[in-house]
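Source file: structure-v3.cif; contents: mmCIF, C-alpha atoms and all ligand atoms.
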```cif
data_coords
#
loop_
_atom_site.label_atom_id
_atom_site.label_comp_id
_atom_site.auth_asym_id
_atom_site.auth_seq_id
_atom_site.Cartn_x
_atom_site.Cartn_y
_atom_site.Cartn_z
CA MET A 1 84.22 78.69 124.73
CA MET A 2 87.49 79.04 122.91
CA ALA A 3 87.31 80.06 119.29
CA VAL A 4 88.69 77.31 117.13
CA SER A 5 91.08 78.86 114.68
CA LYS A 6 90.99 77.36 111.25
CA ARG A 7 93.51 77.60 108.49
CA PRO A 8 92.35 80.18 105.97
CA THR A 9 90.97 78.89 102.70
CA PRO A 10 92.41 81.21 100.10
CA PRO A 11 90.95 81.38 96.61
CA ILE A 12 92.54 79.13 94.03
CA VAL A 13 93.76 80.59 90.77
CA ALA A 14 94.46 77.93 88.16
CA MET A 15 96.96 78.70 85.41
CA VAL A 16 97.20 76.79 82.15
CA GLY A 17 100.87 76.22 81.36
CA GLY A 18 103.74 75.37 83.67
CA GLY A 19 106.46 77.66 82.31
CA GLN A 20 108.41 80.41 83.99
CA LEU A 21 105.47 82.82 83.94
CA ALA A 22 103.41 80.38 86.01
CA ARG A 23 106.39 79.77 88.27
CA MET A 24 106.76 83.49 89.01
CA THR A 25 102.98 83.89 89.40
CA HIS A 26 103.10 81.14 92.02
CA GLN A 27 105.84 83.07 93.78
CA ALA A 28 103.51 86.09 93.94
CA ALA A 29 100.58 83.88 95.03
CA ILE A 30 102.56 82.67 98.05
CA ALA A 31 102.87 86.23 99.36
CA LEU A 32 99.09 86.59 99.15
CA GLY A 33 98.61 83.42 101.21
CA GLN A 34 97.66 81.49 98.09
CA SER A 35 99.11 78.72 96.01
CA LEU A 36 98.81 78.71 92.25
CA ARG A 37 97.28 75.61 90.70
CA VAL A 38 99.26 74.74 87.62
CA LEU A 39 98.23 72.75 84.59
CA ALA A 40 101.56 71.46 83.29
CA VAL A 41 102.62 69.08 80.60
CA SER A 42 105.28 67.49 82.81
CA PRO A 43 106.20 67.47 86.53
CA ASP A 44 109.52 68.89 85.37
CA ASP A 45 108.00 72.12 84.04
CA PRO A 46 109.30 75.23 85.85
CA ALA A 47 106.04 75.88 87.75
CA ALA A 48 105.23 72.21 88.38
CA GLN A 49 108.52 71.92 90.26
CA VAL A 50 107.42 74.48 92.84
CA SER A 51 103.63 74.33 93.20
CA PRO A 52 102.08 71.63 95.39
CA ASP A 53 98.87 71.80 93.33
CA VAL A 54 99.68 70.47 89.87
CA VAL A 55 97.46 68.90 87.23
CA ILE A 56 99.47 67.04 84.61
CA GLY A 57 97.97 66.85 81.15
CA ALA A 58 97.44 68.47 77.78
CA HIS A 59 95.94 71.95 77.50
CA THR A 60 94.06 70.71 74.44
CA ASP A 61 92.13 68.11 76.46
CA LEU A 62 88.78 69.35 77.80
CA GLU A 63 88.72 66.88 80.70
CA VAL A 64 92.15 68.01 81.83
CA LEU A 65 91.09 71.67 81.64
CA ARG A 66 87.94 70.85 83.65
CA THR A 67 90.01 69.17 86.34
CA ALA A 68 92.25 72.23 86.55
CA ALA A 69 89.25 74.57 86.76
CA THR A 70 87.29 72.64 89.39
CA GLY A 71 86.95 74.74 92.52
CA ALA A 72 89.11 77.53 91.08
CA ALA A 73 88.04 81.16 91.42
CA ALA A 74 89.57 81.84 88.00
CA LEU A 75 91.30 80.01 85.18
CA THR A 76 94.09 81.94 83.51
CA PHE A 77 97.09 81.36 81.25
CA ASP A 78 100.85 81.36 80.95
CA HIS A 79 100.59 80.87 77.17
CA GLU A 80 97.99 81.38 74.48
CA HIS A 81 97.65 77.91 73.03
CA VAL A 82 94.31 76.69 74.39
CA PRO A 83 91.73 76.33 71.59
CA THR A 84 88.90 78.88 71.84
CA ALA A 85 86.16 76.23 71.53
CA LEU A 86 87.34 74.48 74.70
CA LEU A 87 87.42 77.77 76.59
CA ASP A 88 83.92 78.60 75.39
CA THR A 89 82.74 75.26 76.78
CA LEU A 90 84.32 76.01 80.15
CA VAL A 91 82.73 79.47 80.24
CA GLY A 92 79.37 77.79 79.50
CA GLU A 93 79.94 75.56 82.51
CA GLY A 94 80.45 78.59 84.75
CA VAL A 95 84.25 78.75 84.86
CA LYS A 96 85.65 82.26 85.12
CA VAL A 97 88.11 82.21 82.23
CA TYR A 98 90.35 85.29 82.39
CA PRO A 99 91.10 86.76 79.94
CA PRO A 100 87.78 85.67 78.39
CA PRO A 101 88.14 83.64 75.18
CA GLU A 102 86.73 86.45 73.02
CA ALA A 103 89.53 88.72 74.26
CA LEU A 104 92.26 86.05 74.23
CA VAL A 105 91.74 85.28 70.55
CA HIS A 106 93.44 88.61 69.76
CA ALA A 107 96.63 87.25 71.31
CA GLN A 108 96.26 83.87 69.59
CA ASP A 109 95.60 84.85 66.02
CA LYS A 110 97.61 87.65 64.42
CA LEU A 111 95.07 88.13 61.64
CA VAL A 112 92.13 88.50 64.02
CA MET A 113 94.30 90.88 66.03
CA ARG A 114 95.31 93.01 63.02
CA ARG A 115 91.72 93.29 61.78
CA LYS A 116 90.39 94.21 65.21
CA LEU A 117 93.08 96.82 65.79
CA GLU A 118 92.35 98.28 62.39
CA GLN A 119 88.67 98.48 63.28
CA LEU A 120 89.50 100.13 66.61
CA GLY A 121 91.63 102.71 64.83
CA ALA A 122 94.84 101.62 66.55
CA PRO A 123 98.01 102.35 64.53
CA ILE A 124 99.42 99.17 62.92
CA PRO A 125 101.79 98.28 60.08
CA ARG A 126 100.18 97.76 56.66
CA PHE A 127 99.29 94.11 56.26
CA THR A 128 97.44 91.69 54.02
CA THR A 129 96.22 88.12 53.98
CA VAL A 130 97.78 85.67 51.53
CA THR A 131 96.12 82.95 49.53
CA SER A 132 98.66 82.60 46.74
CA VAL A 133 102.30 83.43 46.10
CA ASP A 134 101.26 86.13 43.66
CA ASP A 135 99.74 88.10 46.54
CA VAL A 136 103.32 88.75 47.63
CA ASP A 137 104.14 90.75 44.47
CA ALA A 138 101.05 92.89 44.75
CA PHE A 139 101.66 93.66 48.42
CA ALA A 140 105.39 94.37 47.99
CA ALA A 141 104.53 96.77 45.20
CA ALA A 142 101.84 98.45 47.31
CA VAL A 143 104.17 99.05 50.27
CA SER A 144 107.18 99.55 47.99
CA GLY A 145 109.55 98.00 50.46
CA PRO A 146 110.60 94.78 52.18
CA VAL A 147 107.93 92.54 53.65
CA VAL A 148 107.64 90.38 56.73
CA VAL A 149 105.95 86.98 56.57
CA LYS A 150 104.21 85.87 59.77
CA THR A 151 102.36 82.73 60.68
CA VAL A 152 98.88 83.68 61.81
CA ARG A 153 98.99 81.33 64.79
CA GLY A 154 101.46 79.59 67.05
CA GLY A 155 104.57 81.83 66.73
CA TYR A 156 106.70 82.83 69.70
CA ASP A 157 110.19 84.16 70.33
CA GLY A 158 110.40 85.18 66.68
CA ARG A 159 109.54 81.69 65.38
CA GLY A 160 107.01 82.07 62.64
CA VAL A 161 108.33 85.55 61.74
CA VAL A 162 110.53 85.94 58.66
CA LEU A 163 112.00 89.32 57.77
CA THR A 164 112.51 88.63 54.07
CA ARG A 165 115.53 89.87 52.10
CA ASP A 166 113.81 90.53 48.80
CA LEU A 167 110.82 89.62 46.69
CA ALA A 168 112.19 86.24 45.63
CA HIS A 169 112.89 85.30 49.24
CA ALA A 170 109.41 86.45 50.30
CA ARG A 171 107.82 84.35 47.56
CA GLU A 172 109.88 81.35 48.59
CA VAL A 173 108.93 81.66 52.27
CA VAL A 174 105.24 82.09 51.50
CA ALA A 175 105.26 79.17 49.06
CA SER A 176 106.78 76.89 51.65
CA TYR A 177 104.26 77.86 54.35
CA LEU A 178 101.33 77.51 51.93
CA ALA A 179 102.58 74.10 50.84
CA ASP A 180 102.41 73.03 54.50
CA ASN A 181 98.92 74.53 54.84
CA VAL A 182 100.14 77.08 57.37
CA ALA A 183 98.17 80.34 57.25
CA VAL A 184 100.40 83.40 56.96
CA LEU A 185 100.01 87.14 56.62
CA LEU A 186 102.26 89.77 55.12
CA GLU A 187 103.30 92.97 56.78
CA GLU A 188 105.37 95.91 55.70
CA ARG A 189 108.78 95.89 57.31
CA VAL A 190 108.71 98.85 59.63
CA SER A 191 111.81 101.05 59.94
CA THR A 192 112.10 101.25 63.65
CA ARG A 193 114.03 103.51 65.95
CA ARG A 194 113.45 100.90 68.66
CA GLU A 195 110.80 98.62 70.16
CA LEU A 196 108.68 99.54 73.16
CA SER A 197 106.17 97.75 75.33
CA ALA A 198 103.09 99.11 77.06
CA LEU A 199 102.20 96.89 79.98
CA VAL A 200 98.82 97.36 81.62
CA ALA A 201 96.39 95.36 83.71
CA ARG A 202 92.62 95.37 83.85
CA SER A 203 90.18 93.82 86.32
CA PRO A 204 86.63 92.54 85.65
CA PHE A 205 85.39 95.54 87.64
CA GLY A 206 86.98 97.65 84.90
CA GLN A 207 89.88 99.14 86.82
CA GLY A 208 92.97 99.70 84.69
CA ALA A 209 96.59 100.32 85.67
CA ALA A 210 99.63 101.03 83.49
CA TRP A 211 103.33 100.64 84.25
CA PRO A 212 105.79 103.04 82.64
CA ILE A 213 106.57 102.35 78.97
CA VAL A 214 109.73 100.31 78.53
CA GLU A 215 112.21 99.78 75.72
CA THR A 216 112.68 96.16 74.64
CA VAL A 217 115.86 95.13 72.87
CA GLN A 218 115.56 92.05 70.62
CA ARG A 219 118.25 89.81 69.19
CA ASP A 220 117.27 87.17 66.60
CA GLY A 221 113.59 87.81 67.36
CA ILE A 222 114.05 87.22 71.10
CA CYS A 223 113.77 89.89 73.76
CA VAL A 224 117.18 90.12 75.45
CA THR A 225 117.12 93.35 77.45
CA VAL A 226 114.45 95.66 78.84
CA LEU A 227 115.11 99.24 79.90
CA ALA A 228 112.52 100.63 82.29
CA PRO A 229 111.41 103.29 81.71
CA ALA A 230 112.31 103.67 78.00
CA PRO A 231 115.25 106.13 78.00
CA GLY A 232 114.55 109.52 76.50
CA LEU A 233 110.96 108.78 75.52
CA SER A 234 109.02 112.01 75.31
CA GLU A 235 106.22 112.49 77.81
CA ASP A 236 103.78 112.82 74.92
CA LEU A 237 104.70 109.51 73.34
CA ALA A 238 104.87 107.72 76.71
CA GLY A 239 101.43 109.06 77.61
CA ALA A 240 100.03 108.07 74.23
CA ALA A 241 101.43 104.53 74.55
CA GLU A 242 100.02 104.11 78.07
CA GLN A 243 96.63 105.38 76.96
CA LEU A 244 96.68 103.05 73.98
CA GLY A 245 97.42 100.09 76.26
CA LEU A 246 94.62 100.99 78.65
CA ARG A 247 92.18 101.63 75.81
CA LEU A 248 92.93 98.32 74.11
CA ALA A 249 92.56 96.44 77.41
CA ALA A 250 89.13 98.00 77.88
CA ASP A 251 87.98 97.71 74.26
CA LEU A 252 89.03 94.07 73.98
CA GLY A 253 87.64 93.15 77.41
CA VAL A 254 90.99 91.92 78.73
CA VAL A 255 91.20 90.67 82.31
CA GLY A 256 94.70 90.33 83.71
CA VAL A 257 97.94 91.69 82.33
CA LEU A 258 98.10 92.89 78.73
CA ALA A 259 101.37 93.62 76.96
CA VAL A 260 101.16 95.75 73.84
CA GLU A 261 104.38 95.31 71.85
CA LEU A 262 105.08 98.52 69.95
CA PHE A 263 107.38 99.83 67.27
CA GLU A 264 108.67 103.37 67.60
CA THR A 265 109.18 104.23 63.94
CA THR A 266 112.07 106.26 62.61
CA GLU A 267 109.54 109.10 62.17
CA GLY A 268 108.68 108.88 65.88
CA ALA A 269 105.23 107.30 65.52
CA LEU A 270 103.89 104.30 67.40
CA LEU A 271 102.64 101.13 65.70
CA VAL A 272 101.25 98.06 67.48
CA ASN A 273 103.21 94.90 66.72
CA GLU A 274 101.38 92.34 68.79
CA LEU A 275 99.46 91.65 71.98
CA ALA A 276 100.06 89.22 74.83
CA MET A 277 97.42 88.66 77.49
CA ARG A 278 99.46 87.35 80.39
CA PRO A 279 102.54 88.41 82.29
CA HIS A 280 105.17 89.20 79.68
CA ASN A 281 108.94 89.25 79.35
CA SER A 282 108.83 93.05 79.03
CA GLY A 283 107.37 93.18 82.56
CA HIS A 284 109.93 91.06 84.41
CA TRP A 285 111.63 94.24 85.62
CA THR A 286 108.56 94.95 87.79
CA MET A 287 109.54 92.11 90.16
CA ASP A 288 112.28 94.29 91.60
CA GLY A 289 111.69 97.70 90.06
CA ALA A 290 108.02 98.54 90.67
CA VAL A 291 105.75 98.77 93.71
CA THR A 292 103.58 95.97 92.30
CA SER A 293 104.99 93.21 90.12
CA GLN A 294 103.16 92.08 87.00
CA PHE A 295 102.69 88.64 88.57
CA GLU A 296 100.93 89.93 91.67
CA GLN A 297 98.95 92.30 89.47
CA HIS A 298 97.79 89.46 87.26
CA LEU A 299 96.49 87.61 90.34
CA ARG A 300 94.82 90.73 91.69
CA ALA A 301 93.14 91.30 88.34
CA VAL A 302 91.79 87.78 87.81
CA LEU A 303 90.53 87.74 91.43
CA ASP A 304 88.92 91.17 90.89
CA TYR A 305 90.88 92.73 93.74
CA PRO A 306 91.79 96.41 93.54
CA LEU A 307 94.90 96.73 91.38
CA GLY A 308 98.29 97.58 92.84
CA ASP A 309 100.42 100.68 92.48
CA THR A 310 102.43 100.48 89.25
CA ARG A 311 104.97 103.20 90.02
CA PRO A 312 108.65 102.39 89.60
CA ILE A 313 110.71 102.40 92.79
CA ALA A 314 113.86 103.68 91.09
CA PRO A 315 114.74 106.01 88.21
CA VAL A 316 115.80 103.04 86.10
CA THR A 317 115.62 99.25 86.21
CA VAL A 318 117.26 97.01 83.62
CA MET A 319 116.27 93.40 82.95
CA ALA A 320 118.57 91.09 81.02
CA ASN A 321 117.47 87.61 79.98
CA VAL A 322 119.71 84.66 80.69
CA LEU A 323 119.72 82.75 77.40
CA GLY A 324 121.36 79.33 77.15
CA ALA A 325 124.88 79.51 75.64
CA PRO A 326 125.75 77.66 72.43
CA GLN A 327 127.84 75.36 74.63
CA THR A 328 126.70 74.84 78.23
CA PRO A 329 129.66 75.81 80.44
CA VAL A 330 131.52 73.17 82.39
CA MET A 331 131.18 75.33 85.51
CA GLY A 332 127.88 74.51 87.24
CA LEU A 333 125.16 77.12 87.70
CA ASP A 334 125.65 77.09 91.45
CA GLU A 335 129.27 78.11 91.05
CA ARG A 336 128.39 80.72 88.46
CA LEU A 337 125.93 82.25 90.90
CA HIS A 338 128.55 82.27 93.60
CA HIS A 339 130.96 84.23 91.38
CA LEU A 340 128.23 86.55 90.15
CA PHE A 341 127.23 87.55 93.63
CA GLY A 342 130.86 88.15 94.47
CA ARG A 343 131.28 90.58 91.62
CA ILE A 344 127.83 92.13 91.13
CA PRO A 345 126.11 92.05 94.50
CA GLU A 346 123.17 94.21 93.40
CA ALA A 347 122.06 91.67 90.74
CA LYS A 348 118.59 90.28 91.44
CA VAL A 349 118.57 86.83 89.91
CA HIS A 350 115.51 84.87 88.83
CA LEU A 351 116.17 81.36 87.55
CA TYR A 352 113.45 79.19 86.12
CA GLY A 353 114.64 75.64 86.91
CA LYS A 354 115.06 74.85 83.20
CA ALA A 355 117.75 72.76 81.57
CA GLU A 356 120.21 74.93 79.65
CA ARG A 357 119.92 74.77 75.87
CA PRO A 358 121.25 77.20 73.26
CA GLY A 359 119.11 80.33 73.12
CA ARG A 360 116.58 79.06 75.68
CA LYS A 361 115.30 81.53 78.28
CA VAL A 362 116.49 80.01 81.55
CA GLY A 363 116.29 83.07 83.79
CA HIS A 364 116.71 86.80 84.02
CA VAL A 365 118.62 89.37 86.02
CA ASN A 366 117.23 92.69 87.21
CA ILE A 367 119.36 95.58 88.30
CA VAL A 368 117.64 98.50 89.98
CA GLY A 369 119.53 101.75 89.48
CA THR A 370 120.24 104.35 92.12
CA ALA A 371 119.16 108.00 92.12
CA ASP A 372 122.17 109.30 90.19
CA CYS A 373 122.86 106.25 88.03
CA ASP A 374 123.55 106.18 84.31
CA VAL A 375 121.20 103.86 82.42
CA ASN A 376 124.00 102.62 80.14
CA ARG A 377 126.08 101.56 83.08
CA VAL A 378 123.15 99.74 84.71
CA ARG A 379 122.48 98.05 81.39
CA GLU A 380 126.09 97.01 81.02
CA ARG A 381 126.09 95.44 84.47
CA ALA A 382 122.77 93.62 83.95
CA GLU A 383 123.88 92.25 80.57
CA ARG A 384 127.26 91.30 81.96
CA ALA A 385 125.58 89.45 84.83
CA ALA A 386 123.18 87.61 82.50
CA HIS A 387 125.96 86.68 80.09
CA TRP A 388 128.11 85.41 82.94
CA LEU A 389 125.25 83.23 84.22
CA SER A 390 124.72 81.59 80.84
CA HIS A 391 128.28 81.49 79.48
CA ALA A 392 130.58 81.58 82.54
CA GLU A 393 132.48 84.33 80.70
CA TRP A 394 132.86 87.96 81.70
CA THR A 395 132.13 90.19 78.73
CA ASP A 396 134.89 92.59 79.79
CA GLY A 397 137.49 89.83 80.05
CA TRP A 398 137.71 90.13 83.83
CA ASP A 399 139.51 87.27 85.50
CA GLY A 400 138.42 86.83 89.09
CA HIS A 401 141.60 84.98 90.03
CA SER A 402 144.00 87.68 89.02
CA ALA A 403 142.20 90.99 89.33
CA ASP A 404 140.27 93.19 91.71
CA ASP A 405 137.08 94.82 90.51
N1 LIG B 501 106.53 94.35 60.55
C1 LIG B 501 107.74 94.29 61.14
N2 LIG B 501 108.71 95.16 60.81
C2 LIG B 501 109.93 95.09 61.40
N3 LIG B 501 110.28 94.18 62.33
C3 LIG B 501 109.35 93.27 62.70
C4 LIG B 501 108.04 93.28 62.13
N4 LIG B 501 107.33 92.28 62.69
C5 LIG B 501 108.17 91.68 63.56
N5 LIG B 501 109.38 92.26 63.57
C6 LIG B 501 110.54 91.85 64.42
O1 LIG B 501 110.41 90.48 64.80
C7 LIG B 501 110.22 90.35 66.21
C8 LIG B 501 109.26 89.21 66.49
O2 LIG B 501 107.98 89.49 65.90
P1 LIG B 501 106.61 89.16 66.67
O3 LIG B 501 106.60 89.85 67.97
O4 LIG B 501 105.49 89.43 65.76
O5 LIG B 501 106.80 87.59 66.80
P2 LIG B 501 106.51 86.53 67.91
O6 LIG B 501 107.34 85.36 67.60
O7 LIG B 501 105.06 86.35 68.02
O8 LIG B 501 107.09 87.23 69.14
P3 LIG B 501 107.06 86.95 70.69
O9 LIG B 501 108.41 86.39 71.01
O10 LIG B 501 106.90 88.32 71.21
O11 LIG B 501 105.94 86.04 70.95
C9 LIG B 501 109.72 91.72 66.66
O12 LIG B 501 109.98 91.93 68.02
C10 LIG B 501 110.52 92.62 65.72
O13 LIG B 501 111.85 92.75 66.19
MG MG B 502 106.63 89.70 69.85
#
```
Would you write the structure of this file as structure tokens?
Ligand SMILES: Nc1ncnc2c1ncn2[C@@H]1O[C@H](COP(=O)(O)OP(=O)(O)OP(=O)(O)O)[C@@H](O)[C@H]1O
Ligand SMILES: [Mg+2]
Amino acid sequence: MMAVSKRPTPPIVAMVGGGQLARMTHQAAIALGQSLRVLAVSPDDPAAQVSPDVVIGAHTDLEVLRTAATGAAALTFDHEHVPTALLDTLVGEGVKVYPPPEALVHAQDKLVMRRKLEQLGAPIPRFTTVTSVDDVDAFAAAVSGPVVVKTVRGGYDGRGVVLTRDLAHAREVVASYLADNVAVLLEERVSTRRELSALVARSPFGQGAAWPIVETVQRDGICVTVLAPAPGLSEDLAGAAEQLGLRLAADLGVVGVLAVELFETTEGALLVNELAMRPHNSGHWTMDGAVTSQFEQHLRAVLDYPLGDTRPIAPVTVMANVLGAPQTPVMGLDERLHHLFGRIPEAKVHLYGKAERPGRKVGHVNIVGTADCDVNRVRERAERAAHWLSHAEWTDGWDGHSADD
């Protein structure tokens, strides 16, 4: 008798959120013979455009979440906005929610996160809760320096973070949040040398893996460039940051990718800024610059597969975000790509299928350096490529019609 060959039935991972992180996770799922199920708000969302398995609905609706989780080996996230109570219900019904709700809350609520990190002895900026405007004076006096006001929940891309100018400004910001019943906390403004990110992954089995520590460059509260690995970081500090990432993943019971955003202070110490429990902007470089990308790793982790090799494949990789220009160029994206590839053939482009709007993350470019490359030159080329894609302008004034490069 002839064996009847059947199509394989790969496990289904369901991801809440249809943004670019889900889109790139789907891309990794395809290589593993899988297809990511996506819970999206609209069929137009970046991941909903590309996955054949889409549930449309609100991530705050239990029935919608149940539909997404039915038959899935794991339910995971491209953002942190699902209320904990709904996730607890799903866990009670036997859904494998990864990261588990009791871990995820540390990426949802900055106050819960700060308190937990304090309890775990992780280094953090001084902070306090606020119930009245007068708390601002007391805290500013205690830290004797400028303060940062942060919404406890719901901030992203620097929204919900105000680096205040002075005491009067801080009081004003706090008063306005309190008047709207928005919970905020206060933090000391850290004098930073730069910002770093420790990206790790952890599986339910307990395996952990860490990528090299990277430097993240922010503009207006948004990550614009990532240098991997962080240039000139001492082995001691890099090792300490990796160990911190792995320890936090284990202590918090994270499953999947964990990004630990860090400040390197002017004194050379590390402080934890915040946590994200999903693939993260600071890990986009891994798509082209590491043996295992963060997206594949996230899938491996939530499916409890052995984790992949996190080593970089080059001495340096630079990621530059493509952020919508103040004025969308007349030249179409297709033509911009054409020109980009003509001038910077080594650019690895990742576009998210999003409409261009000022400051919106619509894609990123990775450039993987060669053995003898200079990180500043790789950075310049990656940033030039990203700027060209969003603005249709060469930052060095190059004119393709009249010059050779
Ligand atoms: N205590 C602080 N001292 C100095 N700078 C800070 C402080 N807190 C935040 N910042 C700056 O603001 C940026 C955004 O802050 P944070 O990461 O807390 O906000 P977010 O909106 O939740 O960010 P994300 O875009 O990562 O979700 C940081 O990357 C850093 O540049
Ligand atoms: Mg942040």
Close residues, segment 320-337 of chain A itself excluded, 7 Å, all atoms listed in the file, min 4 positions apart in chain, as an MDAnalysis selection string: chainID A and resid 224:226 341 356:366 382:383 386:387 389:392
Selected residue, from A:Asp109, A:Asp236, A:Glu393, A:Asp134, that lies nearest to His81 of chain A when counting only C-alpha atoms: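 For His81 of chain A, the nearest of the given residues is A:Asp109.
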All residues 8 Å or closer to Asp166 of chain A, only C-alpha atoms, same chain fewer than 4 positions away omitted, as a PyMOL selection string: chain A and resi 146-147+170
Around ligand LIG 501 (chain B), fit a box with edges along x, y and z, padding it by 4 Å on each side, then list its centre and edge lengths in Å to one decimal as AutoDock Vina command-line options.
```
--center_x 108.5 --center_y 90.3 --center_z 65.9 --size_x 14.8 --size_y 17.8 --size_z 18.7
```
Test item: residues no farther than 8 Å from ligand LIG 501 (chain B), counting all atoms listed in the file, as a VMD selection string: chain A and resid 125 147 to 148 150 154 to 163 187 to 192 195 218 to 223 261 263 273 to 274 276
Regenerate segment 243-262 of chain A at the level of N, CA and C atoms and dump it as a PDB file, in the coordinates of the input.
```
ATOM      1  N   GLN A 243      98.055 105.250  77.236  1.00  0.00           N
ATOM      2  CA  GLN A 243      96.630 105.380  76.960  1.00  0.00           C
ATOM      3  C   GLN A 243      96.162 104.339  75.952  1.00  0.00           C
ATOM      4  N   LEU A 244      97.009 104.072  74.970  1.00  0.00           N
ATOM      5  CA  LEU A 244      96.680 103.050  73.980  1.00  0.00           C
ATOM      6  C   LEU A 244      96.542 101.691  74.663  1.00  0.00           C
ATOM      7  N   GLY A 245      97.473 101.364  75.539  1.00  0.00           N
ATOM      8  CA  GLY A 245      97.420 100.090  76.260  1.00  0.00           C
ATOM      9  C   GLY A 245      96.132  99.968  77.071  1.00  0.00           C
ATOM     10  N   LEU A 246      95.818 101.021  77.807  1.00  0.00           N
ATOM     11  CA  LEU A 246      94.620 100.990  78.650  1.00  0.00           C
ATOM     12  C   LEU A 246      93.351 100.912  77.801  1.00  0.00           C
ATOM     13  N   ARG A 247      93.357 101.643  76.678  1.00  0.00           N
ATOM     14  CA  ARG A 247      92.180 101.630  75.810  1.00  0.00           C
ATOM     15  C   ARG A 247      91.972 100.251  75.195  1.00  0.00           C
ATOM     16  N   LEU A 248      93.064  99.642  74.725  1.00  0.00           N
ATOM     17  CA  LEU A 248      92.930  98.320  74.110  1.00  0.00           C
ATOM     18  C   LEU A 248      92.461  97.296  75.145  1.00  0.00           C
ATOM     19  N   ALA A 249      92.996  97.383  76.367  1.00  0.00           N
ATOM     20  CA  ALA A 249      92.560  96.440  77.410  1.00  0.00           C
ATOM     21  C   ALA A 249      91.056  96.559  77.619  1.00  0.00           C
ATOM     22  N   ALA A 250      90.563  97.781  77.661  1.00  0.00           N
ATOM     23  CA  ALA A 250      89.130  98.000  77.880  1.00  0.00           C
ATOM     24  C   ALA A 250      88.322  97.583  76.652  1.00  0.00           C
ATOM     25  N   ASP A 251      88.752  98.004  75.475  1.00  0.00           N
ATOM     26  CA  ASP A 251      87.980  97.710  74.260  1.00  0.00           C
ATOM     27  C   ASP A 251      87.930  96.223  73.939  1.00  0.00           C
ATOM     28  N   LEU A 252      89.001  95.509  74.275  1.00  0.00           N
ATOM     29  CA  LEU A 252      89.030  94.070  73.980  1.00  0.00           C
ATOM     30  C   LEU A 252      88.457  93.244  75.132  1.00  0.00           C
ATOM     31  N   GLY A 253      88.188  93.895  76.269  1.00  0.00           N
ATOM     32  CA  GLY A 253      87.640  93.150  77.410  1.00  0.00           C
ATOM     33  C   GLY A 253      88.661  92.253  78.080  1.00  0.00           C
ATOM     34  N   VAL A 254      89.911  92.712  78.108  1.00  0.00           N
ATOM     35  CA  VAL A 254      90.990  91.920  78.730  1.00  0.00           C
ATOM     36  C   VAL A 254      90.794  91.891  80.249  1.00  0.00           C
ATOM     37  N   VAL A 255      91.071  90.742  80.859  1.00  0.00           N
ATOM     38  CA  VAL A 255      91.200  90.670  82.310  1.00  0.00           C
ATOM     39  C   VAL A 255      92.566  90.058  82.608  1.00  0.00           C
ATOM     40  N   GLY A 256      93.340  90.776  83.420  1.00  0.00           N
ATOM     41  CA  GLY A 256      94.700  90.330  83.710  1.00  0.00           C
ATOM     42  C   GLY A 256      95.682  91.304  83.090  1.00  0.00           C
ATOM     43  N   VAL A 257      96.908  90.830  82.914  1.00  0.00           N
ATOM     44  CA  VAL A 257      97.940  91.690  82.330  1.00  0.00           C
ATOM     45  C   VAL A 257      97.854  91.639  80.807  1.00  0.00           C
ATOM     46  N   LEU A 258      98.041  92.790  80.193  1.00  0.00           N
ATOM     47  CA  LEU A 258      98.100  92.890  78.730  1.00  0.00           C
ATOM     48  C   LEU A 258      99.412  93.588  78.368  1.00  0.00           C
ATOM     49  N   ALA A 259     100.186  92.952  77.481  1.00  0.00           N
ATOM     50  CA  ALA A 259     101.370  93.620  76.960  1.00  0.00           C
ATOM     51  C   ALA A 259     101.084  94.018  75.527  1.00  0.00           C
ATOM     52  N   VAL A 260     101.311  95.278  75.214  1.00  0.00           N
ATOM     53  CA  VAL A 260     101.160  95.750  73.840  1.00  0.00           C
ATOM     54  C   VAL A 260     102.567  96.024  73.327  1.00  0.00           C
ATOM     55  N   GLU A 261     103.047  95.134  72.428  1.00  0.00           N
ATOM     56  CA  GLU A 261     104.380  95.310  71.850  1.00  0.00           C
ATOM     57  C   GLU A 261     104.279  96.377  70.769  1.00  0.00           C
ATOM     58  N   LEU A 262     105.172  97.363  70.843  1.00  0.00           N
ATOM     59  CA  LEU A 262     105.080  98.520  69.950  1.00  0.00           C
ATOM     60  C   LEU A 262     106.369  98.746  69.179  1.00  0.00           C
TER      61      LEU A 262
END
```
